[in-house]
file upload-v6.txt (compact mmCIF, C-alpha atoms)
# COMPACT_ATOMS: atom_id res chain seq x y z
CA MET A 1 0.79 10.27 -18.26
CA LYS A 2 -2.54 11.80 -19.20
CA ARG A 3 -3.81 12.08 -15.65
CA PHE A 4 -1.04 14.53 -14.87
CA ARG A 5 -0.67 16.64 -18.01
CA ASP A 6 -1.53 20.30 -18.09
CA LEU A 7 -4.78 20.18 -20.00
CA THR A 8 -5.41 23.71 -21.17
CA SER A 9 -9.16 23.14 -21.25
CA GLY A 10 -8.86 23.87 -17.54
CA ASN A 11 -10.04 20.57 -16.06
CA MET A 12 -6.78 18.98 -14.95
CA SER A 13 -3.57 20.53 -13.68
CA ALA A 14 0.13 19.87 -14.23
CA ARG A 15 0.52 19.25 -10.53
CA ARG A 16 2.59 16.11 -10.87
CA ASP A 17 4.51 16.77 -14.10
CA SER A 18 8.25 16.83 -13.57
CA SER A 19 10.06 19.97 -14.63
CA ARG A 20 11.79 17.95 -17.35
CA LYS A 21 8.53 16.87 -18.93
CA ARG A 22 7.15 20.40 -18.86
CA ALA A 23 10.32 21.71 -20.47
CA VAL A 24 10.16 19.12 -23.25
CA LEU A 25 6.50 19.87 -23.95
CA THR A 26 7.17 23.61 -24.07
CA ALA A 27 10.18 23.16 -26.35
CA LEU A 28 8.31 20.94 -28.77
CA SER A 29 5.42 23.38 -28.89
CA ALA A 30 7.73 26.29 -29.61
CA LEU A 31 9.59 24.41 -32.35
CA ALA A 32 6.38 23.47 -34.03
CA LEU A 33 5.00 27.02 -33.67
CA LEU A 34 1.83 25.52 -32.29
CA PRO A 35 0.02 26.26 -29.03
CA VAL A 36 0.03 23.52 -26.37
CA GLN A 37 -3.76 23.28 -26.66
CA ALA A 38 -3.42 22.07 -30.24
CA LEU A 39 -1.27 19.21 -28.95
CA ALA A 40 -3.46 18.33 -25.99
CA ASP A 41 -7.06 18.74 -27.04
CA GLU A 42 -7.69 16.14 -29.72
CA LEU A 43 -10.48 13.61 -29.31
CA SER A 44 -9.42 9.97 -29.04
CA ALA A 45 -12.15 7.44 -29.74
CA GLY A 46 -10.23 4.74 -27.86
CA ASP A 47 -9.74 6.85 -24.75
CA THR A 48 -13.38 7.94 -24.86
CA ALA A 49 -14.66 4.38 -25.17
CA TRP A 50 -12.56 3.27 -22.21
CA MET A 51 -13.66 6.21 -20.06
CA LEU A 52 -17.33 5.55 -20.80
CA THR A 53 -16.75 2.00 -19.56
CA ALA A 54 -14.74 3.12 -16.52
CA THR A 55 -17.44 5.60 -15.53
CA ALA A 56 -20.08 2.87 -15.57
CA LEU A 57 -17.79 0.63 -13.50
CA VAL A 58 -17.32 3.27 -10.80
CA LEU A 59 -21.06 3.88 -10.56
CA PHE A 60 -21.45 0.09 -10.28
CA MET A 61 -19.24 0.27 -7.19
CA THR A 62 -21.86 2.29 -5.27
CA ILE A 63 -25.06 0.81 -6.62
CA PRO A 64 -25.14 -2.12 -6.26
CA GLY A 65 -21.63 -2.91 -4.91
CA LEU A 66 -21.26 -0.79 -1.78
CA SER A 67 -25.00 -0.99 -1.10
CA LEU A 68 -24.92 -4.78 -0.83
CA PHE A 69 -21.57 -4.82 0.98
CA TYR A 70 -23.02 -2.62 3.75
CA ALA A 71 -26.54 -4.07 3.70
CA GLY A 72 -25.29 -7.55 4.48
CA MET A 73 -23.40 -6.39 7.58
CA VAL A 74 -26.23 -4.61 9.39
CA ARG A 75 -29.06 -6.27 11.29
CA SER A 76 -32.10 -7.33 9.27
CA LYS A 77 -34.27 -4.53 10.69
CA ASN A 78 -31.95 -1.93 9.15
CA VAL A 79 -31.04 -3.41 5.78
CA LEU A 80 -33.43 -1.25 3.74
CA SER A 81 -32.26 1.91 5.48
CA VAL A 82 -28.69 1.34 4.28
CA LEU A 83 -29.82 0.54 0.75
CA MET A 84 -32.02 3.64 0.77
CA GLN A 85 -29.18 5.86 1.98
CA CYS A 86 -26.81 4.70 -0.76
CA PHE A 87 -29.50 5.07 -3.43
CA ALA A 88 -30.58 8.51 -2.26
CA ILE A 89 -26.97 9.72 -1.95
CA THR A 90 -26.35 8.62 -5.53
CA SER A 91 -29.28 10.73 -6.67
CA LEU A 92 -28.54 13.77 -4.51
CA MET A 93 -24.82 13.95 -5.29
CA THR A 94 -25.54 13.66 -9.01
CA VAL A 95 -27.74 16.76 -9.00
CA LEU A 96 -25.46 18.80 -6.71
CA TRP A 97 -22.40 17.89 -8.78
CA VAL A 98 -24.07 19.21 -11.93
CA LEU A 99 -25.32 22.38 -10.23
CA TYR A 100 -22.08 23.48 -8.57
CA GLY A 101 -19.90 20.62 -7.26
CA TYR A 102 -18.01 20.14 -10.52
CA SER A 103 -17.34 23.86 -10.69
CA ILE A 104 -15.94 24.03 -7.14
CA ALA A 105 -13.68 21.05 -7.78
CA PHE A 106 -12.54 21.69 -11.35
CA GLY A 107 -13.45 25.27 -12.20
CA GLY A 108 -11.06 28.16 -11.59
CA GLU A 109 -7.45 28.06 -10.46
CA GLY A 110 -7.53 28.91 -6.75
CA ALA A 111 -5.26 27.14 -4.31
CA TYR A 112 -8.05 26.07 -1.95
CA TRP A 113 -11.31 26.55 -3.86
CA GLY A 114 -12.10 26.12 -7.53
CA GLY A 115 -14.56 28.61 -8.88
CA LEU A 116 -18.11 29.15 -10.02
CA ASP A 117 -17.38 29.53 -13.73
CA LYS A 118 -18.69 26.04 -14.46
CA MET A 119 -21.87 26.25 -12.38
CA PHE A 120 -24.79 24.49 -14.05
CA LEU A 121 -22.11 22.99 -16.35
CA ALA A 122 -21.57 26.26 -18.16
CA GLY A 123 -19.29 25.65 -21.12
CA VAL A 124 -19.63 21.87 -20.98
CA THR A 125 -20.95 21.12 -24.45
CA VAL A 126 -21.01 18.26 -26.90
CA ASP A 127 -17.78 19.56 -28.43
CA SER A 128 -15.82 20.63 -25.34
CA LEU A 129 -12.86 18.42 -24.49
CA SER A 130 -10.86 17.51 -21.43
CA GLY A 131 -7.63 16.33 -22.96
CA THR A 132 -8.51 13.50 -25.32
CA ILE A 133 -12.04 12.79 -24.03
CA PRO A 134 -15.26 14.82 -24.05
CA GLU A 135 -15.56 17.07 -21.01
CA SER A 136 -19.01 15.61 -20.40
CA VAL A 137 -17.38 12.20 -19.91
CA PHE A 138 -14.73 13.62 -17.59
CA MET A 139 -17.41 15.43 -15.59
CA THR A 140 -19.51 12.27 -15.24
CA PHE A 141 -16.49 10.16 -14.31
CA GLN A 142 -15.64 12.60 -11.54
CA MET A 143 -19.31 12.63 -10.52
CA THR A 144 -19.12 8.92 -9.72
CA PHE A 145 -16.26 9.69 -7.31
CA ALA A 146 -18.40 12.40 -5.69
CA ILE A 147 -21.14 9.77 -5.31
CA ILE A 148 -19.15 6.96 -3.72
CA THR A 149 -17.15 9.11 -1.28
CA PRO A 150 -20.10 10.27 0.88
CA ALA A 151 -21.76 6.88 0.43
CA LEU A 152 -18.75 5.28 2.14
CA ILE A 153 -19.43 7.36 5.26
CA VAL A 154 -22.82 5.66 5.70
CA GLY A 155 -21.16 2.57 7.16
CA ALA A 156 -19.82 4.48 10.16
CA PHE A 157 -23.20 5.63 11.50
CA ALA A 158 -25.36 2.78 10.21
CA GLU A 159 -28.47 1.83 12.23
CA ARG A 160 -28.90 5.09 14.16
CA MET A 161 -28.99 8.28 12.05
CA LYS A 162 -32.13 10.00 10.77
CA PHE A 163 -32.59 9.81 7.01
CA SER A 164 -33.26 13.55 6.75
CA ALA A 165 -30.06 14.25 8.69
CA VAL A 166 -28.12 11.96 6.34
CA LEU A 167 -29.26 13.98 3.32
CA TRP A 168 -28.50 17.36 4.88
CA PHE A 169 -25.12 16.26 6.14
CA MET A 170 -24.09 14.77 2.80
CA ALA A 171 -25.19 17.81 0.81
CA ILE A 172 -23.23 20.21 3.01
CA TRP A 173 -20.27 17.84 3.25
CA LEU A 174 -19.98 17.59 -0.54
CA THR A 175 -19.99 21.38 -0.77
CA PHE A 176 -17.49 22.25 1.93
CA VAL A 177 -15.35 19.12 2.26
CA TYR A 178 -15.30 16.81 -0.75
CA ALA A 179 -15.27 19.38 -3.55
CA PRO A 180 -12.58 21.61 -1.97
CA VAL A 181 -10.29 18.68 -1.10
CA CYS A 182 -10.77 17.35 -4.62
CA HIS A 183 -9.64 20.74 -5.95
CA TRP A 184 -6.61 20.79 -3.62
CA VAL A 185 -5.33 17.57 -5.17
CA TRP A 186 -6.66 17.41 -8.74
CA GLY A 187 -7.89 20.88 -9.68
CA ASP A 188 -5.94 23.58 -11.53
CA GLY A 189 -3.84 25.48 -9.00
CA GLY A 190 -4.71 23.16 -6.10
CA TRP A 191 -2.17 23.64 -3.32
CA LEU A 192 -1.51 19.94 -2.66
CA GLY A 193 -1.19 19.26 -6.36
CA ASN A 194 1.29 22.09 -6.67
CA LYS A 195 3.31 20.60 -3.82
CA GLY A 196 3.62 17.41 -5.85
CA ILE A 197 1.39 15.01 -3.95
CA LEU A 198 0.88 11.67 -5.69
CA ASP A 199 -2.74 10.57 -5.50
CA PHE A 200 -3.60 8.76 -8.69
CA ALA A 201 -7.19 7.79 -7.96
CA GLY A 202 -8.23 9.15 -4.56
CA GLY A 203 -6.35 7.96 -1.49
CA THR A 204 -6.68 11.38 0.12
CA VAL A 205 -9.62 12.76 -1.87
CA VAL A 206 -11.87 9.74 -1.39
CA HIS A 207 -10.74 7.32 1.29
CA ILE A 208 -8.99 9.34 4.00
CA ASN A 209 -11.64 12.00 3.46
CA ALA A 210 -14.54 9.57 3.93
CA GLY A 211 -12.84 7.59 6.68
CA MET A 212 -12.19 10.62 8.85
CA ALA A 213 -15.72 11.94 8.33
CA GLY A 214 -17.02 8.51 9.32
CA LEU A 215 -15.02 8.45 12.54
CA VAL A 216 -16.22 11.91 13.51
CA ALA A 217 -19.82 10.96 12.74
CA ALA A 218 -19.56 7.80 14.85
CA LEU A 219 -18.18 9.80 17.77
CA VAL A 220 -20.73 12.62 17.52
CA LEU A 221 -23.73 10.28 17.26
CA GLY A 222 -22.47 7.93 19.95
CA LYS A 223 -22.72 4.17 20.18
CA ARG A 224 -25.65 2.06 19.06
CA LYS A 225 -27.95 0.96 21.85
CA GLY A 226 -26.38 -2.10 23.46
CA TYR A 227 -22.95 -1.73 21.87
CA PRO A 228 -20.59 -3.47 22.60
CA THR A 229 -22.26 -5.88 25.05
CA THR A 230 -25.20 -6.88 22.84
CA PRO A 231 -24.32 -9.12 19.87
CA MET A 232 -24.96 -7.32 16.56
CA MET A 233 -24.32 -10.02 14.01
CA PRO A 234 -24.46 -9.35 10.25
CA HIS A 235 -27.80 -10.50 8.93
CA ASN A 236 -26.63 -11.80 5.53
CA LEU A 237 -22.95 -12.24 4.75
CA THR A 238 -23.85 -13.54 1.31
CA TYR A 239 -24.88 -9.99 0.40
CA THR A 240 -21.60 -8.69 1.80
CA VAL A 241 -19.43 -11.06 -0.25
CA ILE A 242 -21.41 -10.30 -3.41
CA GLY A 243 -21.01 -6.59 -2.72
CA ALA A 244 -17.28 -6.94 -2.06
CA SER A 245 -16.89 -8.87 -5.32
CA MET A 246 -18.68 -6.09 -7.19
CA LEU A 247 -16.41 -3.52 -5.56
CA TRP A 248 -13.34 -5.50 -6.62
CA VAL A 249 -14.47 -5.60 -10.26
CA GLY A 250 -15.72 -2.02 -10.32
CA TRP A 251 -12.47 -0.74 -8.81
CA PHE A 252 -10.68 -1.34 -12.11
CA GLY A 253 -12.72 1.55 -13.49
CA PHE A 254 -11.89 3.59 -10.41
CA ASN A 255 -8.12 3.07 -10.65
CA ALA A 256 -7.31 2.33 -14.29
CA GLY A 257 -9.90 4.89 -15.36
CA SER A 258 -8.07 7.61 -13.46
CA GLU A 259 -5.42 7.65 -16.18
CA LEU A 260 -8.16 9.14 -18.42
CA ALA A 261 -6.73 7.19 -21.33
CA ALA A 262 -6.44 3.68 -22.72
CA ASP A 263 -2.67 3.32 -22.47
CA GLY A 264 0.13 1.49 -20.70
CA THR A 265 -0.27 3.35 -17.43
CA ALA A 266 -3.95 2.35 -17.29
CA GLY A 267 -2.91 -1.24 -17.96
CA MET A 268 -0.38 -1.25 -15.14
CA ALA A 269 -2.88 0.46 -12.81
CA MET A 270 -5.28 -2.40 -13.46
CA ALA A 271 -2.59 -5.01 -12.88
CA VAL A 272 -1.36 -3.59 -9.58
CA THR A 273 -4.94 -3.13 -8.37
CA GLN A 274 -5.54 -6.85 -8.77
CA VAL A 275 -2.23 -7.77 -7.14
CA ALA A 276 -2.60 -5.46 -4.12
CA THR A 277 -6.18 -6.55 -3.46
CA ALA A 278 -5.26 -10.22 -3.45
CA SER A 279 -2.25 -9.56 -1.20
CA ALA A 280 -4.37 -7.59 1.29
CA ALA A 281 -7.06 -10.28 1.40
CA LEU A 282 -4.41 -12.85 2.28
CA GLY A 283 -2.81 -10.51 4.83
CA TRP A 284 -6.11 -10.01 6.70
CA MET A 285 -6.91 -13.73 6.48
CA ILE A 286 -3.56 -14.71 7.98
CA CYS A 287 -3.92 -12.18 10.83
CA GLU A 288 -7.41 -13.44 11.63
CA TRP A 289 -6.33 -17.06 11.44
CA VAL A 290 -3.45 -16.45 13.84
CA ASN A 291 -5.49 -14.32 16.26
CA HIS A 292 -8.81 -16.19 16.28
CA GLY A 293 -7.94 -19.67 15.09
CA LYS A 294 -10.20 -19.55 12.04
CA PRO A 295 -10.37 -17.34 8.94
CA SER A 296 -13.75 -15.74 8.21
CA VAL A 297 -15.44 -14.82 4.95
CA LEU A 298 -16.26 -11.37 6.37
CA GLY A 299 -12.59 -10.92 7.18
CA ILE A 300 -11.20 -11.84 3.78
CA ALA A 301 -13.80 -9.67 2.02
CA THR A 302 -12.98 -6.70 4.26
CA GLY A 303 -9.27 -7.27 3.77
CA ALA A 304 -9.73 -7.17 0.00
CA VAL A 305 -11.50 -3.82 0.28
CA GLY A 306 -8.62 -2.56 2.42
CA GLY A 307 -6.21 -3.52 -0.36
CA LEU A 308 -8.33 -1.75 -2.95
CA VAL A 309 -8.26 1.35 -0.80
CA ALA A 310 -4.50 1.29 -0.22
CA ILE A 311 -3.51 0.81 -3.86
CA THR A 312 -5.81 3.62 -5.02
CA PRO A 313 -3.34 6.51 -4.56
CA ALA A 314 -0.41 4.38 -5.77
CA CYS A 315 -1.78 2.50 -8.76
CA GLY A 316 -0.39 4.82 -11.43
CA PHE A 317 3.08 4.98 -9.92
CA VAL A 318 4.09 1.56 -8.53
CA GLY A 319 4.95 -1.84 -9.98
CA PRO A 320 3.65 -5.31 -9.09
CA MET A 321 6.18 -5.93 -6.30
CA GLY A 322 5.35 -2.60 -4.70
CA ALA A 323 1.66 -3.50 -5.00
CA ILE A 324 2.20 -6.76 -3.12
CA ALA A 325 3.94 -4.88 -0.30
CA ILE A 326 1.29 -2.14 -0.13
CA GLY A 327 -1.52 -4.68 -0.20
CA PHE A 328 -0.06 -6.90 2.50
CA ALA A 329 0.71 -3.91 4.73
CA SER A 330 -2.85 -2.64 4.36
CA GLY A 331 -4.33 -6.06 5.10
CA ILE A 332 -2.45 -6.18 8.40
CA GLY A 333 -2.95 -2.49 9.21
CA CYS A 334 -6.68 -2.48 8.52
CA PHE A 335 -7.14 -5.66 10.57
CA LEU A 336 -5.40 -4.09 13.55
CA ALA A 337 -7.41 -0.87 13.23
CA ALA A 338 -10.81 -2.49 12.72
CA VAL A 339 -10.40 -5.26 15.30
CA LYS A 340 -7.84 -4.17 17.88
CA LEU A 341 -7.85 -0.36 17.84
CA LYS A 342 -11.65 -0.02 17.74
CA ARG A 343 -12.03 -2.39 20.67
CA MET A 344 -9.30 -0.65 22.63
CA LEU A 345 -10.71 2.88 22.13
CA GLY A 346 -14.36 1.83 22.32
CA TYR A 347 -15.82 3.89 19.47
CA ASP A 348 -18.72 2.44 17.45
CA ASP A 349 -17.74 2.67 13.80
CA SER A 350 -20.51 0.30 12.74
CA LEU A 351 -18.99 -1.10 9.54
CA ASP A 352 -15.34 -0.07 10.01
CA VAL A 353 -15.22 2.91 7.67
CA PHE A 354 -12.34 4.47 9.60
CA GLY A 355 -10.47 1.21 10.09
CA VAL A 356 -10.60 0.28 6.40
CA HIS A 357 -10.81 3.53 4.44
CA ALA A 358 -8.91 6.06 6.56
CA VAL A 359 -6.24 3.63 7.75
CA GLY A 360 -5.96 1.90 4.38
CA GLY A 361 -5.83 5.26 2.63
CA ILE A 362 -3.09 6.54 4.94
CA ILE A 363 -1.00 3.40 4.47
CA GLY A 364 -1.40 3.60 0.71
CA ALA A 365 -0.71 7.34 0.48
CA LEU A 366 2.51 7.13 2.50
CA LEU A 367 3.80 3.99 0.80
CA THR A 368 3.13 5.56 -2.59
CA GLY A 369 6.02 7.89 -1.82
CA VAL A 370 8.25 4.87 -1.22
CA PHE A 371 7.34 2.39 -3.95
CA CYS A 372 7.04 4.97 -6.73
CA ALA A 373 10.86 4.95 -6.84
CA GLU A 374 12.35 3.29 -9.92
CA THR A 375 14.77 1.35 -7.74
CA LEU A 376 11.73 -0.34 -6.13
CA GLY A 377 9.98 -1.08 -9.40
CA GLY A 378 7.95 2.13 -9.65
CA SER A 379 7.67 4.73 -12.36
CA GLY A 380 10.05 7.16 -10.70
CA PHE A 381 7.35 9.79 -10.94
CA GLY A 382 7.72 12.44 -8.26
CA VAL A 383 11.04 11.29 -6.80
CA GLU A 384 13.38 12.45 -9.54
CA GLU A 385 14.54 15.55 -7.67
CA GLY A 386 13.99 15.19 -3.94
CA GLY A 387 14.27 11.45 -3.47
CA ILE A 388 12.02 9.06 -1.55
CA ALA A 389 12.22 10.92 1.77
CA ALA A 390 11.08 14.20 0.21
CA GLN A 391 8.18 12.53 -1.59
CA VAL A 392 7.06 10.73 1.57
CA GLY A 393 7.15 14.13 3.28
CA VAL A 394 4.83 15.58 0.63
CA GLN A 395 2.53 12.58 1.01
CA PHE A 396 2.48 13.09 4.79
CA ILE A 397 1.50 16.74 4.36
CA GLY A 398 -1.41 15.69 2.17
CA VAL A 399 -2.54 13.05 4.66
CA LEU A 400 -2.27 15.41 7.63
CA ALA A 401 -4.08 18.26 5.86
CA THR A 402 -6.94 15.99 4.84
CA VAL A 403 -7.27 14.46 8.31
CA ILE A 404 -7.33 17.82 10.09
CA TYR A 405 -9.57 19.69 7.66
CA THR A 406 -12.06 16.87 7.17
CA GLY A 407 -12.21 16.11 10.88
CA ILE A 408 -12.91 19.70 11.91
CA ALA A 409 -15.27 20.51 9.03
CA SER A 410 -17.26 17.28 9.47
CA PHE A 411 -17.63 17.95 13.20
CA ILE A 412 -18.97 21.45 12.55
CA ILE A 413 -21.42 20.26 9.90
CA LEU A 414 -22.74 17.47 12.13
CA LYS A 415 -23.24 19.85 15.03
CA VAL A 416 -25.12 22.32 12.85
CA VAL A 417 -27.39 19.63 11.45
CA ASP A 418 -27.96 18.24 14.94
CA ARG A 419 -28.92 21.68 16.22
CA VAL A 420 -31.37 22.30 13.38
CA ILE A 421 -33.13 18.95 12.83
CA GLY A 422 -31.39 16.43 15.10
CA LEU A 423 -29.08 13.63 14.01
CA ARG A 424 -30.22 10.52 15.78
CA VAL A 425 -33.42 8.52 15.98
CA SER A 426 -34.92 7.91 19.41
CA THR A 427 -34.00 4.88 21.50
CA ASP A 428 -37.37 3.26 20.84
CA GLU A 429 -37.06 3.89 17.09
CA GLU A 430 -33.57 2.43 17.05
CA GLN A 431 -34.83 -0.63 18.89
CA GLU A 432 -37.65 -1.14 16.38
CA GLY A 433 -35.37 -0.67 13.39
CA LEU A 434 -34.88 2.08 10.83
CA ASP A 435 -36.59 0.20 8.01
CA ILE A 436 -40.07 0.39 9.50
CA VAL A 437 -39.56 3.65 11.44
CA LEU A 438 -38.09 5.77 8.65
CA HIS A 439 -39.41 4.09 5.50
CA ASP A 440 -42.49 2.12 6.64
CA GLU A 441 -41.14 -1.02 5.00
CA ARG A 442 -39.45 -4.23 5.97
CA GLY A 443 -36.67 -5.99 4.11
CA TYR A 444 -37.64 -9.37 5.47
CA ILE A 445 -40.77 -11.46 6.07
CA ILE A 446 -41.88 -11.70 9.71
call {"tool": "encode", "arguments": {"input": "upload-v6.txt", "output": "structure tokens"}}
result
Amino acid sequence: MKRFRDLTSGNMSARRDSSRKRAVLTALSALALLPVQALADELSAGDTAWMLTATALVLFMTIPGLSLFYAGMVRSKNVLSVLMQCFAITSLMTVLWVLYGYSIAFGGEGAYWGGLDKMFLAGVTVDSLSGTIPESVFMTFQMTFAIITPALIVGAFAERMKFSAVLWFMAIWLTFVYAPVCHWVWGDGGWLGNKGILDFAGGTVVHINAGMAGLVAALVLGKRKGYPTTPMMPHNLTYTVIGASMLWVGWFGFNAGSELAADGTAGMAMAVTQVATASAALGWMICEWVNHGKPSVLGIATGAVGGLVAITPACGFVGPMGAIAIGFASGIGCFLAAVKLKRMLGYDDSLDVFGVHAVGGIIGALLTGVFCAETLGGSGFGVEEGGIAAQVGVQFIGVLATVIYTGIASFIILKVVDRVIGLRVSTDEEQEGLDIVLHDERGYII
């Protein structure tokens, strides 16, 4: 499995290789009197072509997919502000990733922090490889993950945060939260990777990370004016369904692309992504139908996203039956979190970032440790020695570490930004709408 080989170019770690696979690789290398690098670093045109496609698909998830998904759910006076935030985050994260983000995440071999050896993409040339693909392609693929993760957070504080505060928060958050957590799981020497956590495409790195940051941001900023007594209906659910559909399609690049190769594992990752998403959409729809008497288009679209989230950590390790179970569990779990839990606790997570991404990510991360077992149709990866219980324990450690670290770090960053420039627009500005107040434009005709 290429995602989990020890690539001696220094960009991926052997965090999930079983001891048996490492022993076989070492023995073969010794017998052939060749270094491991000679076996690993050989350009594959097929893998490269697939990864170029996957990278474009993941970028497609943010702009336009996530942008439209969120824009349709806010009120008409704030639609441009959400689109602007997603577009600006895409631009800002791109530059910061090139300057130092990639180095923190994938440079060096520290347990908690990468290094600065790849700052300004030092050493990333036309000829440098990451396994069987150019390192430039690997770097750009990972950049698209660094783009969508902070963009997901936007939905939690939609309609009330200053644009300048959004940019400052996201820049600092990428530096001290996303890049380090990415290194913990996927970087050489990362402590969670060394523990054996299974996170194929970003259950902890992306979704739990973003979901927890979103919850903290919603709590620190406080509720929107009038919430929950004033109706705040989505202004255009057509946009939301189009955006959700784009996310569904783009997610194949997200999940199948995380194999970093065009092979059987990538094919199965694509298959289980489709299966889990469909199962989750049906799970949410059934819950809504039972609870409210009618199924809604917003509900089924949100349920599908919950399924995409939950299968993300599992997609390289589980089979179709496991995917159905994970998807259905996430559809029910995300519905309960977004509809019941939010109402019960009273926090204003505007577009249910915590309820879908954190909760869906937690469900998926924990169930990965269950359904990766060969007896349940999985690959058996990670459970060969300690069994299901041990692997679930490792998954739990990864979930808990991400929740605690991201929660505390995000709170500190928000408080610092609030102290320096302020986080929230005034009550009058919020009433008028962020489109005209912050950008001097309107997304609709009066």
call {"tool": "residues_around", "arguments": {"input": "upload-v6.txt", "residues": "A:Asn78", "least_positions_apart": "5", "cutoff": "10 Å", "atoms": "only C-alpha atoms", "output": "number ranges by chain"}}
result
A: 71-73, 83, 158-160, 235, 430, 432-438, 442-443
call {"tool": "atom_distance", "arguments": {"input": "upload-v6.txt", "atom1": "atom CA of A:Ala261", "atom2": "atom CA of A:Ala146"}}
result
20.2 Å
call {"tool": "closest_residue", "arguments": {"input": "upload-v6.txt", "among": "A:Phe157, A:Tyr112, A:Trp50, A:Phe141", "to": "A:Asp263", "atoms": "only C-alpha atoms"}}
result
A:Trp50
call {"tool": "residues_around", "arguments": {"input": "upload-v6.txt", "residues": "A:Asp348", "least_positions_apart": "5", "cutoff": "12 Å", "atoms": "only C-alpha atoms", "output": "MDAnalysis selection string"}}
result
chainID A and resid 155:160 214:229 232 338:339 341:343 353:355
call {"tool": "axis_aligned_box", "arguments": {"input": "upload-v6.txt", "around": "stretch 315-323 of chain A", "padding_each_side": "6 Å", "output": "JSON"}}
result
{"center_x": 2.2, "center_y": -0.5, "center_z": -8.1, "size_x": 20.0, "size_y": 22.9, "size_z": 18.7}
call {"tool": "residues_near_point", "arguments": {"input": "upload-v6.txt", "point": "(-28.3, 22.0, -11.4)", "cutoff": "9 Å", "atoms": "all atoms listed in the file", "output": "PyMOL selection string"}}
result
chain A and resi 95-100+119-121
call {"tool": "atom_distance", "arguments": {"input": "upload-v6.txt", "atom1": "atom CA of A:Trp289", "atom2": "atom CA of A:Gly306"}}
result
17.2 Å
call {"tool": "closest_residue", "arguments": {"input": "upload-v6.txt", "among": "A:Ile413, A:Val249, A:Ile324, A:Ala88", "to": "A:Ser279", "atoms": "all atoms listed in the file"}}
result
A:Ile324
call {"tool": "closest_atom_pairs", "arguments": {"input": "upload-v6.txt", "of": "stretch 263-353 of chain A", "to": "stretch 368-384 of chain A", "cutoff": "8 Å", "atoms": "all atoms listed in the file", "output": "JSON lines"}}
result
{"residue": "A:Pro313", "atom": "CA", "partner": "A:Thr368", "partner_atom": "CA", "distance": 6.8}
{"residue": "A:Ala314", "atom": "CA", "partner": "A:Thr368", "partner_atom": "CA", "distance": 4.9}
{"residue": "A:Phe317", "atom": "CA", "partner": "A:Cys372", "partner_atom": "CA", "distance": 5.1}
{"residue": "A:Val318", "atom": "CA", "partner": "A:Gly378", "partner_atom": "CA", "distance": 4.1}
{"residue": "A:Gly319", "atom": "CA", "partner": "A:Gly378", "partner_atom": "CA", "distance": 5.0}
{"residue": "A:Pro320", "atom": "CA", "partner": "A:Gly377", "partner_atom": "CA", "distance": 7.6}
{"residue": "A:Met321", "atom": "CA", "partner": "A:Gly377", "partner_atom": "CA", "distance": 6.9}
{"residue": "A:Gly322", "atom": "CA", "partner": "A:Phe371", "partner_atom": "CA", "distance": 5.4}
call {"tool": "atom_distance", "arguments": {"input": "upload-v6.txt", "atom1": "atom CA of A:Gly407", "atom2": "atom CA of A:Met233"}}
result
29.0 Å
call {"tool": "residues_around", "arguments": {"input": "upload-v6.txt", "residues": "A:Leu260", "least_positions_apart": "4", "cutoff": "10 Å", "atoms": "only C-alpha atoms", "output": "list in words"}}
result
Met1, Lys2, Arg3, Phe4, Asp47, Thr48, Trp50, Met51, Ala54, Ser130, Gly131, Thr132, Ile133, Val137, Phe138, Phe141, Asn255, Ala256, Thr265 and Ala266 of chain A
call {"tool": "decode", "arguments": {"input": "upload-v6.txt", "residues": "stretch 302-310 of chain A", "atoms": "N, CA and C atoms", "output": "mmCIF file, in the first residue's frame"}}
result
data_model
loop_
_atom_site.group_PDB
_atom_site.id
_atom_site.type_symbol
_atom_site.label_atom_id
_atom_site.label_comp_id
_atom_site.auth_asym_id
_atom_site.auth_seq_id
_atom_site.Cartn_x
_atom_site.Cartn_y
_atom_site.Cartn_z
ATOM 1 N N THR A 302 -26.870 16.879 3.510
ATOM 2 C CA THR A 302 -25.996 16.936 4.684
ATOM 3 C C THR A 302 -25.606 15.531 5.134
ATOM 4 N N GLY A 303 -26.559 14.611 5.069
ATOM 5 C CA GLY A 303 -26.258 13.231 5.426
ATOM 6 C C GLY A 303 -25.194 12.632 4.526
ATOM 7 N N ALA A 304 -25.265 12.933 3.239
ATOM 8 C CA ALA A 304 -24.256 12.438 2.307
ATOM 9 C C ALA A 304 -22.872 12.956 2.671
ATOM 10 N N VAL A 305 -22.795 14.233 3.027
ATOM 11 C CA VAL A 305 -21.503 14.798 3.439
ATOM 12 C C VAL A 305 -20.997 14.104 4.703
ATOM 13 N N GLY A 306 -21.914 13.813 5.635
ATOM 14 C CA GLY A 306 -21.523 13.079 6.829
ATOM 15 C C GLY A 306 -20.934 11.719 6.505
ATOM 16 N N GLY A 307 -21.489 11.040 5.498
ATOM 17 C CA GLY A 307 -20.945 9.756 5.077
ATOM 18 C C GLY A 307 -19.579 9.896 4.438
ATOM 19 N N LEU A 308 -19.396 10.929 3.637
ATOM 20 C CA LEU A 308 -18.090 11.194 3.042
ATOM 21 C C LEU A 308 -17.036 11.419 4.122
ATOM 22 N N VAL A 309 -17.426 12.157 5.137
ATOM 23 C CA VAL A 309 -16.514 12.422 6.251
ATOM 24 C C VAL A 309 -16.132 11.125 6.966
ATOM 25 N N ALA A 310 -17.131 10.312 7.294
ATOM 26 C CA ALA A 310 -16.882 9.125 8.109
ATOM 27 C C ALA A 310 -16.045 8.075 7.388
#
